[in-house]
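Engineer: Here it is, the structure, as structure tokens.
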Amino acid sequence: MAPQAPAAREAPAGSAPASPASSWSFAVREFRYWTTNYRRTWRGSIYSSVLNPVLYLGSIGVVLGKLVDKHGSAELGHIGYLAFLAPGLLAAAAMETGIGESTYPVLGSVKWRRTYYAAVSTPLRPADLFHGHLLFTALRLVMNCTVFLAVMAAFGAVTSPWVLAALPVAVLTGLAFAAPIEAWAITVMKDTSFAMIFRFGMIPLFLFSGTFFPVSALPGWAQPIAYATPLWHGVALCRSLSLGTATIGGTLIHVGYLAALAAAGIIVGDRTYRRRLYV
Amino acid sequence: MTDPDVLIHARGLTKRFGEFTAVDGIDFDLRRGEAFGFLGPNGAGKSSTMRMIGCVSPPSGGELTILGLDPVADGPAIRARLGVVPQEDTLDVELTVRENLLIYGRYFGLPRDVISERTDRLLEFVQLSDRGAEQVEPLSGGLKRRLTIARSLISEPEILLLDEPTTGLDPQARHVVWDRLFRLKQRGVTLVLTTHYMDEAEQLCDRLVVMDRGKIAAAGSPRELIEQYSTAEVLELRFDPREHDQAAEKLADLRAQRMEVLADRILLYIPNGDTALAAVRGLGLEPLTSLVRRSTLEDVFLRLTGRRLED
């Protein structure tokens, strides 16, 4: 059988246009593209999402932690180093997932595989592609952070049931990076720009945002910078939840900061996606 | 504009990129069921026009109505009724043939069983039934192009847009694509295509516009254009390069309707090629080779612009 001829359809000029589905359902269509795509690679990605926390918590958390604990833990708030480190690493891992998903896959879709150009020829709009990919990034964050929490529990690095609330916080932390970086990544022409983000953004944040030691241990001039970084807000909130020391005021500030960053990224990304794909 | 058979209506349609005007105030109407072509060399503004029709490039000026709707305000509603075959393949080469159709069908909000049923039908139509489970990456350019055509039909579009549908394909693959497009046309699918191949335009288009430097140089059916802008026959002569210029001078005496002196050949536009060849010999000229042929759209383009299509 061959495609049906559409000639018999009623005259379009007089008929009402098919009402476009909501933005939300369009974004879900793009999200399903990414999940279909992910089916081929999920096994490999699960290995690394298990292996990374095992290696970090095993080496730095357990082995280095023993040395740290010998010198007393007053600076850490009288807890073992492993319990201090683990929630910080959770937030840092979320950052890494968020940045990873929002760089190469985005440039690839517009430059190498060009699949975004196929998608904008359908009812989907550029912003739908952006939102759909953010949904997929959120899924990847939920997956990786859940695995991370399970590894944390296996290492005995969890002290409060509130740690479960660290999951949505870690996901939000990842999105606070993913949304603005994706908004920028769609404007990028060459992938060499991403090396800058990794070298001068991700790695310094990873090392100095309170993941491995409290920000109060930094020299005085550097502390305000560390407190202003999004990763510190994620680290501080995940840590306070994991240790059961969270306060309502602190939680609201951290969540507000991260949510504002994600929202700003979405607002800018709606424009940059449109500008790149509707020439 | 109330005629329900006019699917696309453009007046003074313009597209500018900064200082550069890619499409410079063109007018055309596309009617239901016809195969309409934009013929012109690279850079004539064909692809820019196609992208405006595809609602992925807002016009810089003029009027454009597609299916009675505004492409800027009603993009999703219009695109839901278009099929698009882009110039460069945008298939997901890491996925299988069937998965590509599944994803694309989902973009149109089609349920899985509908997509599956149409996929069987479309893969058969483009002769890819036995490749459904294969990954796209290793497929040849011709097969990928056929898959792209199948993909564009998954939503049963009212208008099919094809931007340079056979560019980059070998002759055999081109003929297969032409054959499939011809069948679609026979079934009443409205086709809009751009091409810089005059044979493609002659084979497929009921009506076409010749584009050059963002403007429409002429419009009509291939036959009308040839009748209006060229002669029934063309005599192509090739001389020894050392005698080329002298021969051109002498041939001017023949008073052919038109003569084009190209770098390697001389084209004489005349009603009857054999008579003209006899007259050339009568002037004492003996070409190395001579060819009598019918006029083509290439000759129309040469006449209108002074340049060749594929330069």
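Identifiers for the structure tokens are assigned positionally: chains receive A, B, ... in sequence, residues are indexed from 1 per chain, and ligands are indexed from 1 in the order shown.
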Applying 7 Å and only C-alpha atoms, which residues near segment 219-234 of chain A remain after dropping the ones on its own chain fewer than 2 positions away? List them as a list in words.
Structural biologist: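 The contact residues come out as Ala91, Ala92, Val169, Ala170, Thr173, Leu205, Phe208, Ser209, Gly210, Val215, Ser216, Ala217, Ala236, Leu237, Cys238, His254 and Leu258 of chain A.
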Engineer: Can you list, as a list in words, every protein, DNA or RNA residue that comes within 10 Å of Ala10 of chain B when you count only C-alpha atoms, leaving out same-chain residues fewer than 5 positions away?
Structural biologist: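 The contact residues come out as Gly25, Ile26, Asp27, Phe28, Asp29, Leu30, Ile53, Gly62, Glu63, Leu64, Thr65 and Ile66 of chain B.
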Engineer: Please dump the current selection as a short mmCIF file (atom, residue, chain, number, x, y, z; two decimals), in the first residue's frame; keep N, CA and C atoms.
Structural biologist:
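Result went into out34.cif, see below:
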```cif
data_model
loop_
_atom_site.label_atom_id
_atom_site.label_comp_id
_atom_site.auth_asym_id
_atom_site.auth_seq_id
_atom_site.Cartn_x
_atom_site.Cartn_y
_atom_site.Cartn_z
N GLY B 25 11.33 40.08 -2.59
CA GLY B 25 10.00 40.48 -3.02
C GLY B 25 9.40 39.58 -4.08
N ILE B 26 9.19 38.30 -3.76
CA ILE B 26 8.66 37.39 -4.77
C ILE B 26 7.15 37.16 -4.56
N ASP B 27 6.47 36.90 -5.66
CA ASP B 27 5.02 36.61 -5.66
C ASP B 27 4.81 35.22 -6.24
N PHE B 28 4.00 34.42 -5.57
CA PHE B 28 3.56 33.16 -6.19
C PHE B 28 2.35 32.62 -5.46
N ASP B 29 1.60 31.75 -6.13
CA ASP B 29 0.47 31.04 -5.52
C ASP B 29 0.64 29.56 -5.80
N LEU B 30 0.49 28.77 -4.78
CA LEU B 30 0.57 27.32 -4.96
C LEU B 30 -0.84 26.75 -4.87
N ILE B 53 8.38 28.98 4.04
CA ILE B 53 7.16 28.19 3.87
C ILE B 53 7.07 27.14 4.97
N GLY B 62 6.70 41.51 3.37
CA GLY B 62 5.74 40.95 2.41
C GLY B 62 4.71 40.09 3.10
N GLU B 63 3.91 39.45 2.26
CA GLU B 63 2.78 38.65 2.75
C GLU B 63 3.06 37.19 2.50
N LEU B 64 2.73 36.34 3.46
CA LEU B 64 2.82 34.90 3.25
C LEU B 64 1.70 34.23 4.02
N THR B 65 0.87 33.48 3.30
CA THR B 65 -0.21 32.74 3.94
C THR B 65 -0.08 31.28 3.53
N ILE B 66 -0.12 30.38 4.51
CA ILE B 66 0.01 28.96 4.22
C ILE B 66 -1.21 28.25 4.79
#
```
Engineer: Write out, as JSON lines, each residue of chain B that has an atom at most 6 Å from chain A, together with the closest pair of atoms and their distance in Å to one decimal, counting only C-alpha atoms, rows going by chain and rising number.
Structural biologist:
```
{"residue": "B:Pro4", "atom": "CA", "partner": "A:Ala13", "partner_atom": "CA", "distance": 5.3}
{"residue": "B:Val56", "atom": "CA", "partner": "A:Tyr278", "partner_atom": "CA", "distance": 4.9}
{"residue": "B:Ser57", "atom": "CA", "partner": "A:Tyr278", "partner_atom": "CA", "distance": 5.0}
{"residue": "B:Leu67", "atom": "CA", "partner": "A:Ala13", "partner_atom": "CA", "distance": 5.7}
{"residue": "B:Gly68", "atom": "CA", "partner": "A:Ala13", "partner_atom": "CA", "distance": 4.7}
{"residue": "B:Pro76", "atom": "CA", "partner": "A:Pro123", "partner_atom": "CA", "distance": 4.0}
{"residue": "B:Ala77", "atom": "CA", "partner": "A:Pro20", "partner_atom": "CA", "distance": 5.7}
{"residue": "B:Arg79", "atom": "CA", "partner": "A:Pro123", "partner_atom": "CA", "distance": 5.1}
{"residue": "B:Ala80", "atom": "CA", "partner": "A:Pro123", "partner_atom": "CA", "distance": 5.1}
{"residue": "B:Thr90", "atom": "CA", "partner": "A:Arg114", "partner_atom": "CA", "distance": 5.3}
{"residue": "B:Ile103", "atom": "CA", "partner": "A:Tyr33", "partner_atom": "CA", "distance": 5.9}
{"residue": "B:Tyr107", "atom": "CA", "partner": "A:Arg29", "partner_atom": "CA", "distance": 5.7}
{"residue": "B:Arg121", "atom": "CA", "partner": "A:Met1", "partner_atom": "CA", "distance": 5.5}
{"residue": "B:Phe125", "atom": "CA", "partner": "A:Ala2", "partner_atom": "CA", "distance": 5.5}
{"residue": "B:Glu158", "atom": "CA", "partner": "A:Pro6", "partner_atom": "CA", "distance": 5.7}
{"residue": "B:Arg187", "atom": "CA", "partner": "A:Ala5", "partner_atom": "CA", "distance": 5.2}
{"residue": "B:Gly188", "atom": "CA", "partner": "A:Ala5", "partner_atom": "CA", "distance": 5.6}
{"residue": "B:Val189", "atom": "CA", "partner": "A:Ala5", "partner_atom": "CA", "distance": 5.7}
```
Engineer: Atom CA of Val235 of chain A to atom CA of Pro87 of chain A: how many Å, to one decimal?
Structural biologist: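 For atom CA of Val235 of chain A relative to atom CA of Pro87 of chain A, the distance reads 6.7 Å.
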Engineer: Taking the DSSP assignment computed from this structure's backbone, write out as a count of residues only all residues of segment 64-298 of chain B that belong to alpha helix (DSSP H).
Structural biologist: 93
Engineer: Distance atom CA of Leu102 of chain B-atom CA of Thr49 of chain B, one decimal place?
Structural biologist: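 A separation of 28.7 Å between them.
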Engineer: When DSSP is applied to the backbone of this structure, which of segment 5-239 of chain B are assigned strand (DSSP E or B)? Write them out as a PyMOL selection string.
Structural biologist: chain B and resi 6-17+20-31+35-39+61-66+69+82-85+96+135+159-163+190-195+207-212+215-220+233-238
Engineer: Could you write those residues out with C-alpha atoms, as a CSV table (one decimal), in the first residue's frame?
Structural biologist:
```csv
chain,number,residue,atom,x,y,z
B,6,VAL,CA,-4.7,28.2,-3.1
B,7,LEU,CA,-2.6,26.5,-0.4
B,8,ILE,CA,0.3,29.0,-0.3
B,9,HIS,CA,0.0,32.6,-1.2
B,10,ALA,CA,3.0,35.0,-1.3
B,11,ARG,CA,3.2,38.6,-2.3
B,12,GLY,CA,6.3,40.7,-2.1
B,13,LEU,CA,7.8,38.0,0.1
B,14,THR,CA,11.3,39.1,1.4
B,15,LYS,CA,14.0,37.6,3.5
B,16,ARG,CA,17.0,39.6,4.6
B,17,PHE,CA,20.0,38.5,6.6
B,20,PHE,CA,22.1,40.7,2.4
B,21,THR,CA,18.7,40.2,0.7
B,22,ALA,CA,18.3,36.5,0.1
B,23,VAL,CA,14.7,36.7,-1.2
B,24,ASP,CA,13.7,39.9,-2.8
B,25,GLY,CA,10.0,40.5,-3.0
B,26,ILE,CA,8.7,37.4,-4.8
B,27,ASP,CA,5.0,36.6,-5.7
B,28,PHE,CA,3.6,33.2,-6.2
B,29,ASP,CA,0.5,31.0,-5.5
B,30,LEU,CA,0.6,27.3,-5.0
B,31,ARG,CA,-2.5,25.4,-5.9
B,35,ALA,CA,3.8,20.1,-8.3
B,36,PHE,CA,5.5,23.5,-8.0
B,37,GLY,CA,9.2,24.1,-8.4
B,38,PHE,CA,11.7,26.8,-7.6
B,39,LEU,CA,14.5,26.4,-10.2
B,61,GLY,CA,8.7,41.5,4.7
B,62,GLY,CA,5.7,41.0,2.4
B,63,GLU,CA,2.8,38.7,2.7
B,64,LEU,CA,2.8,34.9,3.2
B,65,THR,CA,-0.2,32.7,3.9
B,66,ILE,CA,0.0,29.0,4.2
B,69,LEU,CA,-2.8,30.7,8.2
B,82,LEU,CA,3.3,19.9,6.1
B,83,GLY,CA,5.9,17.2,5.3
B,84,VAL,CA,9.5,18.4,5.0
B,85,VAL,CA,12.4,16.8,3.2
B,96,THR,CA,17.1,2.2,13.4
B,135,GLN,CA,20.7,1.2,11.9
B,159,ILE,CA,1.8,19.7,1.2
B,160,LEU,CA,5.2,18.1,0.8
B,161,LEU,CA,8.2,20.4,0.8
B,162,LEU,CA,11.4,19.0,-0.8
B,163,ASP,CA,14.6,21.1,-0.8
B,190,THR,CA,0.8,18.7,-3.5
B,191,LEU,CA,4.6,19.0,-4.0
B,192,VAL,CA,6.8,22.0,-3.6
B,193,LEU,CA,10.4,21.5,-4.6
B,194,THR,CA,13.6,23.4,-5.1
B,195,THR,CA,16.2,22.2,-7.6
B,207,ARG,CA,4.6,24.8,-12.9
B,208,LEU,CA,7.7,26.5,-11.8
B,209,VAL,CA,9.4,29.8,-11.2
B,210,VAL,CA,12.9,30.5,-12.3
B,211,MET,CA,14.8,32.2,-9.4
B,212,ASP,CA,17.9,34.2,-9.7
B,215,LYS,CA,14.0,37.4,-7.6
B,216,ILE,CA,11.6,35.5,-9.8
B,217,ALA,CA,12.9,35.8,-13.4
B,218,ALA,CA,10.0,33.9,-15.0
B,219,ALA,CA,7.1,31.7,-14.2
B,220,GLY,CA,5.1,29.1,-16.0
B,233,GLU,CA,15.8,23.2,-31.1
B,234,VAL,CA,19.4,24.0,-30.2
B,235,LEU,CA,22.5,23.2,-32.2
B,236,GLU,CA,25.6,22.7,-30.1
B,237,LEU,CA,28.9,23.1,-31.9
B,238,ARG,CA,32.4,22.4,-30.7
```
Engineer: Nearest to Gly282 of chain B among B:Arg146, B:His196, B:Glu224, B:Asp253, with distances taken over only C-alpha atoms: which residue is it?
Structural biologist: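 Comparing B:Arg146, B:His196, B:Glu224, B:Asp253 against Gly282 of chain B, the winner is B:Asp253.
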Engineer: Which residues come within 10 Å of Gly244 of chain A, counting only C-alpha atoms, excluding same-chain residues fewer than 3 positions away, as a VMD selection string?
Structural biologist: chain A and resid 158 to 163 238 to 241 247
